[in-house]
Each structure stands twice: as C-alpha cells, then as structure tokens.
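A.B. asks: What follows is the file run_10.pdb, containing PDB, C-alpha atoms and all ligand atoms:
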```pdb
MODEL        1
ATOM      1  CA  MET A   1      34.640  23.194 216.717
ATOM      2  CA  ASN A   2      31.478  24.244 214.859
ATOM      3  CA  ILE A   3      31.986  27.084 212.420
ATOM      4  CA  ILE A   4      29.838  28.978 209.937
ATOM      5  CA  LEU A   5      31.579  30.575 206.955
ATOM      6  CA  PHE A   6      29.546  33.517 205.884
ATOM      7  CA  GLY A   7      29.949  35.950 203.015
ATOM      8  CA  PRO A   8      28.740  37.039 199.595
ATOM      9  CA  PRO A   9      29.220  35.030 196.390
ATOM     10  CA  GLY A  10      32.899  34.537 195.588
ATOM     11  CA  SER A  11      34.132  35.823 198.942
ATOM     12  CA  GLY A  12      36.218  32.683 199.477
ATOM     13  CA  LYS A  13      33.943  30.615 201.728
ATOM     14  CA  GLY A  14      34.714  27.360 199.925
ATOM     15  CA  THR A  15      38.444  28.074 199.656
ATOM     16  CA  GLN A  16      38.802  28.855 203.355
ATOM     17  CA  ALA A  17      36.464  26.026 204.415
ATOM     18  CA  VAL A  18      38.868  23.552 202.796
ATOM     19  CA  ASN A  19      41.799  25.083 204.699
ATOM     20  CA  ILE A  20      40.001  25.004 208.046
ATOM     21  CA  CYS A  21      38.675  21.472 207.557
ATOM     22  CA  GLU A  22      42.107  20.109 206.643
ATOM     23  CA  ASN A  23      43.617  21.769 209.665
ATOM     24  CA  LEU A  24      40.983  20.560 212.122
ATOM     25  CA  SER A  25      40.078  17.255 210.407
ATOM     26  CA  ILE A  26      36.393  18.069 210.414
ATOM     27  CA  PRO A  27      33.897  17.828 207.523
ATOM     28  CA  HIS A  28      33.078  20.620 205.090
ATOM     29  CA  LEU A  29      29.324  21.043 204.691
ATOM     30  CA  SER A  30      28.598  23.189 201.648
ATOM     31  CA  THR A  31      24.925  23.512 200.778
ATOM     32  CA  GLY A  32      25.930  24.816 197.335
ATOM     33  CA  ASP A  33      27.947  21.631 196.673
ATOM     34  CA  MET A  34      25.160  19.420 198.048
ATOM     35  CA  LEU A  35      22.600  21.119 195.816
ATOM     36  CA  ARG A  36      24.875  20.889 192.751
ATOM     37  CA  GLU A  37      25.231  17.157 193.463
ATOM     38  CA  ALA A  38      21.449  16.857 193.668
ATOM     39  CA  VAL A  39      21.089  18.674 190.334
ATOM     40  CA  ALA A  40      23.703  16.422 188.723
ATOM     41  CA  SER A  41      21.963  13.288 190.010
ATOM     42  CA  GLY A  42      18.575  14.429 188.714
ATOM     43  CA  SER A  43      16.881  13.781 192.078
ATOM     44  CA  ASP A  44      13.577  15.456 193.008
ATOM     45  CA  ILE A  45      15.457  18.042 195.072
ATOM     46  CA  GLY A  46      17.828  18.599 192.162
ATOM     47  CA  LYS A  47      14.939  19.177 189.783
ATOM     48  CA  LYS A  48      13.439  21.767 192.120
ATOM     49  CA  ALA A  49      16.795  23.478 192.735
ATOM     50  CA  LYS A  50      18.168  23.650 189.182
ATOM     51  CA  GLU A  51      16.310  26.650 187.823
ATOM     52  CA  ILE A  52      16.548  28.625 191.069
ATOM     53  CA  MET A  53      20.328  28.163 191.153
ATOM     54  CA  GLU A  54      20.650  29.157 187.503
ATOM     55  CA  ASP A  55      18.709  32.334 188.342
ATOM     56  CA  GLY A  56      20.797  33.123 191.426
ATOM     57  CA  GLY A  57      17.878  32.890 193.842
ATOM     58  CA  LEU A  58      17.586  30.845 197.026
ATOM     59  CA  VAL A  59      16.381  27.266 197.134
ATOM     60  CA  SER A  60      13.549  26.931 199.679
ATOM     61  CA  ASP A  61      14.408  26.891 203.362
ATOM     62  CA  GLU A  62      12.489  23.630 203.667
ATOM     63  CA  ILE A  63      14.694  21.821 201.133
ATOM     64  CA  VAL A  64      17.939  23.260 202.427
ATOM     65  CA  LEU A  65      17.115  22.539 206.070
ATOM     66  CA  SER A  66      16.202  18.959 205.172
ATOM     67  CA  ILE A  67      19.558  18.302 203.464
ATOM     68  CA  VAL A  68      21.512  19.920 206.292
ATOM     69  CA  LYS A  69      19.543  17.979 208.888
ATOM     70  CA  GLU A  70      20.393  14.726 207.166
ATOM     71  CA  ARG A  71      24.095  15.559 206.744
ATOM     72  CA  ILE A  72      24.662  16.970 210.222
ATOM     73  CA  ALA A  73      23.373  13.747 211.772
ATOM     74  CA  PHE A  74      26.295  11.782 210.259
ATOM     75  CA  LYS A  75      28.804  10.542 212.791
ATOM     76  CA  ASP A  76      31.680  12.530 211.257
ATOM     77  CA  CYS A  77      30.008  15.757 212.418
ATOM     78  CA  SER A  78      30.216  14.830 216.081
ATOM     79  CA  ASN A  79      33.666  16.440 216.471
ATOM     80  CA  GLY A  80      32.709  19.598 214.643
ATOM     81  CA  PHE A  81      31.972  20.860 211.153
ATOM     82  CA  VAL A  82      32.287  23.863 208.902
ATOM     83  CA  LEU A  83      29.074  25.121 207.334
ATOM     84  CA  ASP A  84      29.744  26.915 204.038
ATOM     85  CA  GLY A  85      26.917  28.954 202.536
ATOM     86  CA  PHE A  86      24.393  27.997 205.187
ATOM     87  CA  PRO A  87      22.417  29.529 206.845
ATOM     88  CA  ARG A  88      21.401  32.146 204.290
ATOM     89  CA  THR A  89      18.126  33.361 205.785
ATOM     90  CA  ILE A  90      16.955  34.102 209.320
ATOM     91  CA  ASN A  91      14.573  31.186 208.969
ATOM     92  CA  GLN A  92      17.482  28.847 208.132
ATOM     93  CA  ALA A  93      19.433  30.197 211.127
ATOM     94  CA  THR A  94      16.614  29.500 213.572
ATOM     95  CA  GLY A  95      16.056  26.145 211.849
ATOM     96  CA  LEU A  96      19.744  25.352 212.408
ATOM     97  CA  ASP A  97      19.395  26.210 216.108
ATOM     98  CA  SER A  98      16.717  23.596 216.476
ATOM     99  CA  LEU A  99      18.772  20.960 214.605
ATOM    100  CA  LEU A 100      21.700  21.294 216.994
ATOM    101  CA  ASP A 101      21.817  19.789 220.437
ATOM    102  CA  VAL A 102      23.398  21.614 223.360
ATOM    103  CA  SER A 103      26.854  20.146 222.759
ATOM    104  CA  GLN A 104      26.839  21.297 219.132
ATOM    105  CA  LYS A 105      26.539  25.007 219.466
ATOM    106  CA  ILE A 106      28.068  27.299 216.830
ATOM    107  CA  GLU A 107      31.216  28.919 218.189
ATOM    108  CA  TYR A 108      32.290  31.132 215.292
ATOM    109  CA  VAL A 109      30.515  32.817 212.440
ATOM    110  CA  LEU A 110      33.361  33.970 210.200
ATOM    111  CA  ARG A 111      32.176  36.742 207.935
ATOM    112  CA  ILE A 112      34.458  37.170 204.935
ATOM    113  CA  LYS A 113      34.121  40.773 203.833
ATOM    114  CA  VAL A 114      34.914  41.709 200.225
ATOM    115  CA  ASP A 115      34.215  44.468 197.701
ATOM    116  CA  GLU A 116      31.504  43.384 195.294
ATOM    117  CA  GLU A 117      33.067  45.048 192.230
ATOM    118  CA  ASP A 118      36.343  43.169 192.631
ATOM    119  CA  ILE A 119      34.626  39.851 193.113
ATOM    120  CA  LEU A 120      32.959  39.857 189.726
ATOM    121  CA  LYS A 121      36.330  39.254 188.037
ATOM    122  CA  ARG A 122      37.165  36.352 190.376
ATOM    123  CA  LEU A 123      33.912  34.627 189.575
ATOM    124  CA  ILE A 124      33.980  35.185 185.824
ATOM    125  CA  GLU A 125      37.490  33.702 185.790
ATOM    126  CA  ARG A 126      36.379  30.630 187.774
ATOM    127  CA  GLY A 127      33.505  29.983 185.328
ATOM    128  CA  ARG A 128      31.094  27.730 187.272
ATOM    129  CA  SER A 129      27.731  27.383 185.499
ATOM    130  CA  ASP A 130      26.231  30.145 187.689
ATOM    131  CA  ASP A 131      29.245  32.425 187.110
ATOM    132  CA  ASN A 132      27.764  34.474 184.267
ATOM    133  CA  PRO A 133      27.214  38.231 184.720
ATOM    134  CA  VAL A 134      23.397  38.067 184.980
ATOM    135  CA  THR A 135      23.331  35.261 187.569
ATOM    136  CA  ILE A 136      26.188  36.782 189.550
ATOM    137  CA  LYS A 137      24.257  40.065 189.757
ATOM    138  CA  ASN A 138      21.219  38.195 191.065
ATOM    139  CA  ARG A 139      23.292  36.197 193.542
ATOM    140  CA  PHE A 140      24.557  39.486 195.001
ATOM    141  CA  LYS A 141      21.039  40.926 195.102
ATOM    142  CA  THR A 142      19.802  37.821 196.899
ATOM    143  CA  TYR A 143      22.699  38.014 199.347
ATOM    144  CA  ASN A 144      22.047  41.689 200.108
ATOM    145  CA  SER A 145      18.315  41.291 200.655
ATOM    146  CA  GLN A 146      18.009  37.880 202.310
ATOM    147  CA  THR A 147      21.370  36.933 203.804
ATOM    148  CA  GLN A 148      22.809  40.225 205.115
ATOM    149  CA  PRO A 149      20.213  40.349 207.947
ATOM    150  CA  LEU A 150      22.112  37.452 209.520
ATOM    151  CA  ILE A 151      24.976  39.834 210.338
ATOM    152  CA  PRO A 152      23.125  41.624 213.196
ATOM    153  CA  PHE A 153      21.495  38.296 214.120
ATOM    154  CA  TYR A 154      24.878  36.723 214.911
ATOM    155  CA  GLU A 155      26.428  39.988 216.108
ATOM    156  CA  ASN A 156      23.837  40.012 218.875
ATOM    157  CA  ARG A 157      25.053  36.580 219.931
ATOM    158  CA  LYS A 158      28.643  37.861 219.974
ATOM    159  CA  ILE A 159      29.900  35.074 217.716
ATOM    160  CA  LEU A 160      30.350  37.074 214.508
ATOM    161  CA  PHE A 161      33.943  37.801 213.461
ATOM    162  CA  THR A 162      34.752  39.839 210.376
ATOM    163  CA  ILE A 163      37.696  38.784 208.227
ATOM    164  CA  ASN A 164      39.180  40.921 205.441
ATOM    165  CA  GLY A 165      38.709  38.770 202.320
ATOM    166  CA  MET A 166      40.500  41.231 200.017
ATOM    167  CA  GLN A 167      43.906  39.734 200.741
ATOM    168  CA  GLU A 168      45.887  36.771 199.440
ATOM    169  CA  ILE A 169      44.266  33.415 200.219
ATOM    170  CA  GLU A 170      47.068  32.500 202.668
ATOM    171  CA  LYS A 171      46.736  35.817 204.512
ATOM    172  CA  VAL A 172      42.961  35.393 204.845
ATOM    173  CA  PHE A 173      43.587  31.973 206.367
ATOM    174  CA  GLU A 174      46.178  33.417 208.772
ATOM    175  CA  ASP A 175      43.560  35.898 210.008
ATOM    176  CA  ILE A 176      40.986  33.108 210.392
ATOM    177  CA  LYS A 177      43.455  31.021 212.402
ATOM    178  CA  LYS A 178      44.027  33.931 214.771
ATOM    179  CA  VAL A 179      40.287  34.287 215.384
ATOM    180  CA  ILE A 180      39.627  30.602 216.010
ATOM    181  CA  GLY A 181      42.816  30.091 218.002
ATOM    182  CA  LEU A 182      44.715  27.730 215.693
TER     183      LEU A 182
HETATM  184  P1  LIG B   1      27.152  28.528 196.700
HETATM  185  O1  LIG B   1      27.771  27.383 196.034
HETATM  186  O2  LIG B   1      27.215  28.624 198.165
HETATM  187  O3  LIG B   1      27.678  29.856 195.996
HETATM  188  P2  LIG B   1      27.970  31.345 196.522
HETATM  189  O4  LIG B   1      27.497  31.676 197.866
HETATM  190  O5  LIG B   1      27.481  32.205 195.421
HETATM  191  O6  LIG B   1      29.487  31.363 196.692
HETATM  192  P3  LIG B   1      30.617  30.749 195.779
HETATM  193  O7  LIG B   1      30.691  29.277 195.982
HETATM  194  O8  LIG B   1      30.504  31.265 194.397
HETATM  195  O9  LIG B   1      31.877  31.487 196.388
HETATM  196  P4  LIG B   1      32.714  31.187 197.694
HETATM  197  O10 LIG B   1      32.441  32.223 198.723
HETATM  198  O11 LIG B   1      32.622  29.763 198.098
HETATM  199  O12 LIG B   1      34.159  31.489 197.130
HETATM  200  P5  LIG B   1      35.257  30.506 196.533
HETATM  201  O13 LIG B   1      36.119  29.998 197.629
HETATM  202  O14 LIG B   1      34.639  29.522 195.633
HETATM  203  O15 LIG B   1      25.596  28.579 196.284
HETATM  204  C1  LIG B   1      25.213  28.425 194.933
HETATM  205  C2  LIG B   1      23.701  28.486 194.819
HETATM  206  O16 LIG B   1      23.119  27.392 195.540
HETATM  207  C3  LIG B   1      23.054  29.733 195.420
HETATM  208  O17 LIG B   1      23.022  30.801 194.503
HETATM  209  C4  LIG B   1      21.643  29.210 195.769
HETATM  210  O18 LIG B   1      20.839  29.155 194.614
HETATM  211  C5  LIG B   1      21.928  27.786 196.210
HETATM  212  N1  LIG B   1      22.153  27.679 197.672
HETATM  213  C6  LIG B   1      23.315  27.328 198.285
HETATM  214  N2  LIG B   1      23.172  27.351 199.621
HETATM  215  C7  LIG B   1      21.892  27.723 199.857
HETATM  216  C8  LIG B   1      21.151  27.969 201.048
HETATM  217  N3  LIG B   1      21.707  27.830 202.264
HETATM  218  N4  LIG B   1      19.852  28.346 200.910
HETATM  219  C9  LIG B   1      19.279  28.482 199.693
HETATM  220  N5  LIG B   1      19.922  28.290 198.531
HETATM  221  C10 LIG B   1      21.238  27.913 198.613
HETATM  222  O19 LIG B   1      36.128  31.535 195.677
HETATM  223  C11 LIG B   1      35.653  32.055 194.447
HETATM  224  C12 LIG B   1      36.835  32.193 193.463
HETATM  225  O20 LIG B   1      37.754  33.150 193.978
HETATM  226  C13 LIG B   1      37.620  30.909 193.285
HETATM  227  O21 LIG B   1      38.065  30.818 191.974
HETATM  228  C14 LIG B   1      38.809  31.058 194.274
HETATM  229  O22 LIG B   1      39.936  30.365 193.852
HETATM  230  C15 LIG B   1      39.017  32.567 194.238
HETATM  231  N6  LIG B   1      39.493  33.117 195.520
HETATM  232  C16 LIG B   1      39.062  32.754 196.774
HETATM  233  N7  LIG B   1      39.673  33.509 197.717
HETATM  234  C17 LIG B   1      40.458  34.386 197.048
HETATM  235  C18 LIG B   1      41.353  35.428 197.471
HETATM  236  N8  LIG B   1      41.537  35.724 198.761
HETATM  237  N9  LIG B   1      42.007  36.131 196.508
HETATM  238  C19 LIG B   1      41.827  35.833 195.172
HETATM  239  N10 LIG B   1      41.014  34.865 194.712
HETATM  240  C20 LIG B   1      40.350  34.141 195.635
HETATM  241 MG    MG B   2      31.429  28.134 197.467
ENDMDL
END
```
For the file at hand, write its structure as structure tokens.

C.D. replies:
Amino acid sequence: MNIILFGPPGSGKGTQAVNICENLSIPHLSTGDMLREAVASGSDIGKKAKEIMEDGGLVSDEIVLSIVKERIAFKDCSNGFVLDGFPRTINQATGLDSLLDVSQKIEYVLRIKVDEEDILKRLIERGRSDDNPVTIKNRFKTYNSQTQPLIPFYENRKILFTINGMQEIEKVFEDIKKVIGL
C-alpha cells in the first residue's frame, strides 16, 4: 500500500506514519527526517537545506525530488511505503507521479486536519530546533501558501481522505485504520 500523510506542521504526520508502518511493515519516508540527516552530516544538500529549514521555508523541489527518487528506488519500497511531508508543492506531486511506475500508484492521501492555534503548544513542547515561535509561524505560512493547493489536486483524483487530528493519538490511528481498511 502506498500512502501519503499530509497535513500542516505538528499535525501528527510522523506519529501516525510510525503507527501505519509498524502495522503494515512498510518503510516510513520522511523528507523532513532525510533533510535533517543531511544537515547533520554536513553534506552539500545539508548545507543548502540548513538555513531554509531554520527559516521554515521549503527546500527546493529539485533537491527534495532527488532524495525521494533515490530512496523510493530501494527494494524495501516495493511492497509499499508511507510518504510523510512529501509532496509539499504541486511541482513535487507531479514529480512524484513521474517517479512511480504503474504498479506503485498512490492509493491514499491521508489529510490530518488540525486547528493551527492548538498546534503551536504541541510544537513548543516538543522543542525540535525549528520549533520556535518565529519558525513555526513561517512553517504554517509556507504550508498555507504552497502546500494547501495539493488538497484540491488530490481531491480531484478521489484519493484524499480527511482525518480529524484533534483527537487522542490512538483515536486518530483508529480513524486512519478505518479509511485504509486495516
Ligand atoms: P517536517 O519534518 O516534515 O516538519 P513539519 O511538516 O513542519 O511537521 P512536523 O514534523 O513538525 O510535524 P508532524 O506532522 O510530523 O507531527 P508529529 O507527529 O511530529 O519538515 C521540516 C522542514 O523540512 C520543513 O519546514 C522544510 O523546510 C523541510 N522539508 C521537509 N519536507 C520537505 C519537502 N517535501 N519539500 C521542501 N522542504 C521540505 O507531532 C508533533 C508533536 O505533537 C509531537 O510531539 C507528537 O508527539 C505530538 N502529537 C502528535 N499527534 C498528537 C495528537 N493527536 N494529540 C496530541 N499530541 C500529538
Ligand atoms: Mg514530522
């Protein structure tokens, strides 16, 4: 099963991706995690990504598509995968289409819907390096302007499912399981 987890910063994409991946024994592909690893390793990609991530902007489509292309070609993705935080622009979504072969089509785009005001507290409490009020505000701005347009994009394909993310973690997962038939 190939799944996209979609939603604003702090909506629970990573948390629910772990649950789904454990349940289905498929890999968790988080572009945020991959980019943080690149930053930590000091690679060329990491150097380019660092400042953008600290600002709460988007790393270029070219870079992100190249890391996803490389990862999705690994053998462990042949039985399915969960994409977390990718795609984030229309250009990334069409780029993803061309990376996938016919047998790899995306079956579910799970949109975790949350209230922005309540999420701020969650993120401040977690305290990742981009979880400061200024960066969080920018991450939301970026989401609203560049990522939200993917909602009608996937709605048109009839693969977008909205999940209420303002519930306990276990309840959110129960709702996801119902949608994907687990
Ligand atoms: P990324 O790492 O993807 O960050 P994000 O989208 O801002 O989302 P988060 O990881 O903060 O939140 P989440 O939805 O995973 O929630 P989580 O489960 O952690 O991206 C970081 C940066 O990398 C971007 O800003 C950008 O610069 C760059 N980047 C990444 N992908 C890119 C792309 N495709 N293109 C370009 N640039 C890209 O939960 C958050 C907290 O809430 C946790 O503490 C968790 O325990 C808690 N929690 C979760 N669910 C619940 C619940 N139901 N109730 C209460 N608490 C909960
Ligand atoms: Mg995450």

A.B. asks: Find the axis-aligned box for ligand LIG 1 (chain B), covering all its listed atoms and adding 4 Å on each side, and write its centre and edge lengths in Å to one decimal as lines of an AutoDock Vina configuration file.

C.D. replies:
```
center_x = 30.6
center_y = 31.7
center_z = 197.1
size_x = 30.7
size_y = 16.8
size_z = 18.3
```

A.B. asks: At what distance in Å, to one decimal, does CA of Pro9 (chain A) lie from atom P4 of ligand LIG 1 (chain B)?

C.D. replies: 5.4 Å

A.B. asks: Give me, as a VMD selection string, all polymer residues having an atom no more than 12 Å from Gly181 (chain A), counting only C-alpha atoms and skipping those fewer than 2 positions away in the same chain.

C.D. replies: chain A and resid 1 20 23 to 24 107 to 108 173 to 179

A.B. asks: Counting only C-alpha atoms, what is within 12 Å of Lys75 (chain A), bar same-chain residues fewer than 6 positions away, as a list of chain:residue names?

C.D. replies: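 With the cut-off at 12 Å, the set is A:Ile26, A:Pro27, A:Phe81.
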
A.B. asks: Name the residues that the PyMOL selection byres (((chain A and resi 79) around 12) and not hetatm) pulls out of this structure, and write them as number ranges by chain.

C.D. replies: A: 1-3, 21, 24-27, 72-78, 80-82, 103-105

A.B. asks: Those same residues, written as an mmCIF file, keeping the file's coordinate frame with C-alpha atoms?

C.D. replies:
```cif
data_model
loop_
_atom_site.group_PDB
_atom_site.id
_atom_site.type_symbol
_atom_site.label_atom_id
_atom_site.label_comp_id
_atom_site.auth_asym_id
_atom_site.auth_seq_id
_atom_site.Cartn_x
_atom_site.Cartn_y
_atom_site.Cartn_z
ATOM 1 C CA MET A 1 34.640 23.194 216.717
ATOM 2 C CA ASN A 2 31.478 24.244 214.859
ATOM 3 C CA ILE A 3 31.986 27.084 212.420
ATOM 4 C CA CYS A 21 38.675 21.472 207.557
ATOM 5 C CA LEU A 24 40.983 20.560 212.122
ATOM 6 C CA SER A 25 40.078 17.255 210.407
ATOM 7 C CA ILE A 26 36.393 18.069 210.414
ATOM 8 C CA PRO A 27 33.897 17.828 207.523
ATOM 9 C CA ILE A 72 24.662 16.970 210.222
ATOM 10 C CA ALA A 73 23.373 13.747 211.772
ATOM 11 C CA PHE A 74 26.295 11.782 210.259
ATOM 12 C CA LYS A 75 28.804 10.542 212.791
ATOM 13 C CA ASP A 76 31.680 12.530 211.257
ATOM 14 C CA CYS A 77 30.008 15.757 212.418
ATOM 15 C CA SER A 78 30.216 14.830 216.081
ATOM 16 C CA GLY A 80 32.709 19.598 214.643
ATOM 17 C CA PHE A 81 31.972 20.860 211.153
ATOM 18 C CA VAL A 82 32.287 23.863 208.902
ATOM 19 C CA SER A 103 26.854 20.146 222.759
ATOM 20 C CA GLN A 104 26.839 21.297 219.132
ATOM 21 C CA LYS A 105 26.539 25.007 219.466
#
```

A.B. asks: Compile the contact shell of Leu58 (chain A) as a PyMOL selection string: residues with an atom at most 12 Å away, counting only C-alpha atoms, same-chain residues fewer than 4 positions apart removed.

C.D. replies: chain A and resi 31-32+35+48-54+62-64+85-89+92+135+138-143+145-147

A.B. asks: Let me have all residues with an atom within 7 Å of ligand MG 2 (chain B), counting all atoms listed in the file, laid out as number ranges by chain.

C.D. replies: A: 10, 12-14, 32, 84-85

A.B. asks: Let me make sure I understand: among A:Ile67, A:Val102, A:Val59, A:Ala40, which one has the smallest atom-to-atom distance to ligand LIG 1 (chain B) if we use all atoms listed in the file?

C.D. replies: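 Checking each candidate against ligand LIG 1 (chain B), we get A:Val59 as the closest.
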
A.B. asks: Could you write out as a PyMOL selection string the residues that the PyMOL selection byres (((chain A and resi 11) around 10) and not hetatm) matches in the shown file?

C.D. replies: chain A and resi 5-10+12-16+111-116+118-119+122-123+164-166

A.B. asks: Please compute the atom C19 of ligand LIG 1 (chain B)-CA of Gln167 (chain A) distance, one decimal, in Å.

C.D. replies: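 Pair atom C19 of ligand LIG 1 (chain B) / CA of Gln167 (chain A) returns 7.1 Å.
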
A.B. asks: Restricting the calculation to only C-alpha atoms: of A:Met34, A:Ile151, A:Val39, A:Leu29, which residue gets closest to Ser129 (chain A)?

C.D. replies: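 Among the listed residues, A:Val39 lies closest to Ser129 (chain A).
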
A.B. asks: With only C-alpha atoms as the basis for distance, which of A:Asp61, A:Ile90, A:Leu120, A:Ala17 is at the shortest distance from Gln148 (chain A)?

C.D. replies: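 Residue with the minimum atom-to-atom distance to Gln148 (chain A): A:Ile90.
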
A.B. asks: Let me make sure I understand: among A:Glu22, A:Asp44, A:Glu70, A:Asp130, which one has the smallest atom-to-atom distance to ligand LIG 1 (chain B) if we use only C-alpha atoms and all ligand atoms?

C.D. replies: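 So, comparing all the options, the nearest one is A:Asp130.
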
A.B. asks: What does the structure give for the distance between CA of Asp97 (chain A) and CA of Gly57 (chain A), in Å to one decimal?

C.D. replies: 23.3 Å

A.B. asks: Please determine, counting all atoms listed in the file, which residue among A:Ile106, A:Leu99, A:Leu150, A:Val68 has the shortest atom-to-atom distance to ligand LIG 1 (chain B).

C.D. replies: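 With all atoms listed in the file as the atom set, the closest residue is A:Val68.
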
A.B. asks: Return region 15-45 of chain A, completed with N, CA and C atoms, as a compact mmCIF listing (two decimals), keeping the file's coordinate frame.

C.D. replies:
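So the final result, stored in out06.txt, reads:
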```txt
# COMPACT_ATOMS: atom_id res chain seq x y z
N THR A 15 36.98 28.14 199.59
CA THR A 15 38.44 28.07 199.66
C THR A 15 38.90 27.98 201.11
N GLN A 16 38.37 28.83 201.95
CA GLN A 16 38.80 28.86 203.36
C GLN A 16 38.22 27.67 204.13
N ALA A 17 37.04 27.20 203.74
CA ALA A 17 36.46 26.03 204.42
C ALA A 17 37.40 24.83 204.25
N VAL A 18 37.94 24.67 203.05
CA VAL A 18 38.87 23.55 202.80
C VAL A 18 40.09 23.68 203.72
N ASN A 19 40.64 24.88 203.82
CA ASN A 19 41.80 25.08 204.70
C ASN A 19 41.48 24.74 206.15
N ILE A 20 40.36 25.24 206.64
CA ILE A 20 40.00 25.00 208.05
C ILE A 20 39.76 23.51 208.29
N CYS A 21 39.04 22.88 207.37
CA CYS A 21 38.67 21.47 207.56
C CYS A 21 39.90 20.57 207.54
N GLU A 22 40.87 20.89 206.68
CA GLU A 22 42.11 20.11 206.64
C GLU A 22 42.84 20.25 207.96
N ASN A 23 42.89 21.48 208.44
CA ASN A 23 43.62 21.77 209.66
C ASN A 23 42.99 21.10 210.88
N LEU A 24 41.68 21.07 210.94
CA LEU A 24 40.98 20.56 212.12
C LEU A 24 40.47 19.13 211.94
N SER A 25 40.63 18.59 210.73
CA SER A 25 40.08 17.26 210.41
C SER A 25 38.59 17.15 210.73
N ILE A 26 37.85 18.10 210.25
CA ILE A 26 36.39 18.07 210.41
C ILE A 26 35.75 18.23 209.03
N PRO A 27 34.50 17.78 208.86
CA PRO A 27 33.90 17.83 207.52
C PRO A 27 33.46 19.22 207.08
N HIS A 28 33.46 19.37 205.76
CA HIS A 28 33.08 20.62 205.09
C HIS A 28 31.66 20.43 204.56
N LEU A 29 30.73 21.18 205.10
CA LEU A 29 29.32 21.04 204.69
C LEU A 29 28.92 22.26 203.86
N SER A 30 28.95 22.09 202.55
CA SER A 30 28.60 23.19 201.65
C SER A 30 27.23 22.91 201.03
N THR A 31 26.26 23.75 201.35
CA THR A 31 24.92 23.51 200.78
C THR A 31 24.95 23.72 199.26
N GLY A 32 25.81 24.64 198.78
CA GLY A 32 25.93 24.82 197.34
C GLY A 32 26.40 23.52 196.67
N ASP A 33 27.44 22.89 197.24
CA ASP A 33 27.95 21.63 196.67
C ASP A 33 26.88 20.54 196.75
N MET A 34 26.18 20.47 197.89
CA MET A 34 25.16 19.42 198.05
C MET A 34 24.05 19.59 197.01
N LEU A 35 23.67 20.85 196.80
CA LEU A 35 22.60 21.12 195.82
C LEU A 35 23.08 20.84 194.40
N ARG A 36 24.34 21.19 194.10
CA ARG A 36 24.88 20.89 192.75
C ARG A 36 24.92 19.38 192.53
N GLU A 37 25.25 18.62 193.59
CA GLU A 37 25.23 17.16 193.46
C GLU A 37 23.82 16.67 193.19
N ALA A 38 22.85 17.26 193.87
CA ALA A 38 21.45 16.86 193.67
C ALA A 38 21.01 17.17 192.23
N VAL A 39 21.43 18.31 191.72
CA VAL A 39 21.09 18.67 190.33
C VAL A 39 21.72 17.66 189.38
N ALA A 40 23.00 17.35 189.62
CA ALA A 40 23.70 16.42 188.72
C ALA A 40 23.08 15.03 188.74
N SER A 41 22.54 14.64 189.90
CA SER A 41 21.96 13.29 190.01
C SER A 41 20.54 13.23 189.46
N GLY A 42 19.94 14.40 189.24
CA GLY A 42 18.58 14.43 188.71
C GLY A 42 17.52 14.04 189.74
N SER A 43 17.85 14.13 191.03
CA SER A 43 16.88 13.78 192.08
C SER A 43 15.75 14.81 192.12
N ASP A 44 14.71 14.52 192.90
CA ASP A 44 13.58 15.46 193.01
C ASP A 44 14.05 16.82 193.51
N ILE A 45 14.92 16.78 194.54
CA ILE A 45 15.46 18.04 195.07
C ILE A 45 16.24 18.77 193.98
```
